[in-house]
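Shown next, in C-alpha cells, is the structure this report addresses.
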Amino acid sequence: MQLATLLNPDLIFFNLEGNDRNEIYSSIISAMKNTIGLPCPQEQILHDIIEREDSIHIKYECGFAYPHVRYPHLEDLNIVIGV
C-alpha cells in the first residue's frame, strides 16, 4: 500500500498559524472538524495529543511533528497534514 492511497486532499491544510504546538494543533483540529467528524470535543483531542507527546518525550526536529492519538472506538485512519 502506498501513502498516497491513505491521503485525503480535503485533510491537507495550508497556511495554518500558531506560535506554539497548542496553537498549531488547535488550528489543525479546527480545520479537520469541518471536513470529518471528531470522535470527541476538540479540546479533549488537543489535551490527549499533548499528553501523549509529553509522556513519550517526543523530539521535534526541523519544524516537523507527527502528533497523533488513538481512540479504540475509531474504525478509520485519518491522516491530516498541516503546513
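How things are named: the first chain in the C-alpha cells is A, the next is B, and so on; residues count from 1 in each chain; ligands count from 1 in the order shown.
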In chain A, DSSP helix (DSSP H, G or I) residues written as a count of residues only: 31
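All residues of chain A that DSSP, run on the backbone, classes as strand (DSSP E or B) are A:Leu7, A:Asn8, A:Pro9, A:Asp10, A:Leu11, A:Ile12, A:Phe13, A:Glu61, A:Phe64, A:Ile79, A:Val80, A:Ile81, A:Gly82.
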Would you mind exporting the chosen residues as a short mmCIF file (atom, residue, chain, number, x, y, z; two decimals), in the first residue's frame, restricted to N, CA and C atoms?
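File result-v5.cif, as written:
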data_model
loop_
_atom_site.label_atom_id
_atom_site.label_comp_id
_atom_site.auth_asym_id
_atom_site.auth_seq_id
_atom_site.Cartn_x
_atom_site.Cartn_y
_atom_site.Cartn_z
N LEU A 7 -4.11 9.24 1.81
CA LEU A 7 -4.28 10.68 1.94
C LEU A 7 -5.58 11.16 1.33
N ASN A 8 -6.26 12.04 2.03
CA ASN A 8 -7.47 12.68 1.57
C ASN A 8 -7.11 14.14 1.31
N PRO A 9 -7.21 14.62 0.07
CA PRO A 9 -6.85 16.01 -0.22
C PRO A 9 -7.62 17.03 0.63
N ASP A 10 -8.79 16.65 1.10
CA ASP A 10 -9.59 17.55 1.94
C ASP A 10 -9.03 17.66 3.36
N LEU A 11 -8.05 16.83 3.69
CA LEU A 11 -7.43 16.86 5.01
C LEU A 11 -5.99 17.36 4.96
N ILE A 12 -5.66 18.10 3.91
CA ILE A 12 -4.36 18.75 3.80
C ILE A 12 -4.61 20.25 3.87
N PHE A 13 -4.07 20.89 4.90
CA PHE A 13 -4.36 22.29 5.16
C PHE A 13 -3.09 23.13 5.09
N GLU A 61 12.19 18.06 15.33
CA GLU A 61 13.35 18.40 14.53
C GLU A 61 12.90 19.10 13.26
N PHE A 64 9.21 19.74 12.08
CA PHE A 64 8.36 18.63 11.71
C PHE A 64 7.86 17.92 12.97
N ILE A 79 -5.33 10.64 8.12
CA ILE A 79 -4.05 11.34 8.14
C ILE A 79 -4.33 12.78 7.77
N VAL A 80 -3.99 13.68 8.68
CA VAL A 80 -4.23 15.09 8.48
C VAL A 80 -2.88 15.78 8.40
N ILE A 81 -2.71 16.60 7.38
CA ILE A 81 -1.45 17.30 7.18
C ILE A 81 -1.69 18.80 7.28
N GLY A 82 -0.87 19.45 8.09
CA GLY A 82 -0.94 20.90 8.23
C GLY A 82 0.40 21.52 7.91
#
10 Å contact set for range 46-55 of chain A, only C-alpha atoms, chain neighbours under 5 positions out, as a ChimeraX atom specification: /A:21-23,25-26,28-29,41,66-71
Could you write out the selected residues, including N, CA, C and O atoms, as a tab-separated table (two decimals), in the first residue's frame?
chain	number	residue	atom	x	y	z
A	21	ARG	N	2.97	24.64	19.85
A	21	ARG	CA	2.27	23.42	19.42
A	21	ARG	C	0.79	23.45	19.76
A	21	ARG	O	-0.02	22.92	18.99
A	22	ASN	N	0.42	24.04	20.88
A	22	ASN	CA	-1.00	24.10	21.22
A	22	ASN	C	-1.79	24.86	20.16
A	22	ASN	O	-2.85	24.41	19.72
A	23	GLU	N	-1.28	26.02	19.75
A	23	GLU	CA	-1.98	26.83	18.75
A	23	GLU	C	-1.99	26.14	17.38
A	23	GLU	O	-3.00	26.16	16.68
A	25	TYR	N	-1.65	22.83	16.71
A	25	TYR	CA	-2.51	21.65	16.75
A	25	TYR	C	-3.98	22.06	16.80
A	25	TYR	O	-4.83	21.42	16.17
A	26	SER	N	-4.30	23.12	17.52
A	26	SER	CA	-5.68	23.61	17.57
A	26	SER	C	-6.15	24.03	16.19
A	26	SER	O	-7.30	23.76	15.80
A	28	ILE	N	-5.07	22.87	13.31
A	28	ILE	CA	-5.25	21.66	12.51
A	28	ILE	C	-6.56	20.96	12.88
A	28	ILE	O	-7.34	20.58	12.01
A	29	ILE	N	-6.81	20.81	14.17
A	29	ILE	CA	-8.02	20.12	14.63
A	29	ILE	C	-9.25	20.90	14.22
A	29	ILE	O	-10.26	20.32	13.77
A	41	PRO	N	-14.75	16.10	21.85
A	41	PRO	CA	-14.55	17.55	21.72
A	41	PRO	C	-13.12	17.92	21.34
A	41	PRO	O	-12.16	17.25	21.72
A	66	TYR	N	4.76	14.90	14.31
A	66	TYR	CA	3.76	13.90	13.90
A	66	TYR	C	2.82	13.59	15.06
A	66	TYR	O	2.75	12.48	15.56
A	67	PRO	N	2.07	14.60	15.48
A	67	PRO	CA	1.14	14.37	16.59
A	67	PRO	C	0.09	13.35	16.20
A	67	PRO	O	-0.38	13.34	15.07
A	68	HIS	N	-0.24	12.51	17.14
A	68	HIS	CA	-1.30	11.55	16.86
A	68	HIS	C	-1.91	11.06	18.16
A	68	HIS	O	-1.35	11.22	19.24
A	69	VAL	N	-3.08	10.52	17.99
A	69	VAL	CA	-3.81	9.98	19.13
A	69	VAL	C	-4.60	8.78	18.62
A	69	VAL	O	-4.97	8.71	17.45
A	70	ARG	N	-4.82	7.86	19.50
A	70	ARG	CA	-5.61	6.66	19.15
A	70	ARG	C	-6.81	6.57	20.07
A	70	ARG	O	-6.68	6.74	21.28
A	71	TYR	N	-7.94	6.30	19.46
A	71	TYR	CA	-9.16	6.07	20.22
A	71	TYR	C	-9.69	4.70	19.82
A	71	TYR	O	-9.87	4.43	18.63
Near-Glu17 in chain A list (9 Å; only C-alpha atoms; drop same-chain fewer than 5 positions) as a count of residues only: 4
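For the pair CA of Pro39 in chain A and CA of Phe14 in chain A, the separation is 23.1 Å.
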For CA of Ile58 in chain A and CA of Pro72 in chain A, the interatomic separation in Å (one decimal):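 According to the coordinates, CA of Ile58 in chain A and CA of Pro72 in chain A are separated by 22.0 Å.
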Of the listed residues A:Ala4, A:Asn15, A:Asn78, A:His57, that which approaches Lys33 in chain A most closely, counting only C-alpha atoms: A:Asn78
Of the listed residues A:Leu74, A:Asp20, A:Ile45, A:Leu6, that which approaches Met32 in chain A most closely, counting only C-alpha atoms: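 Counting only C-alpha atoms, the residue closest to Met32 in chain A is A:Ile45.
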Interatomic distance (Å, one decimal) between CA of Asn34 in chain A and CA of Thr5 in chain A: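 If I compute the distance from CA of Asn34 in chain A to CA of Thr5 in chain A, I get 21.4 Å.
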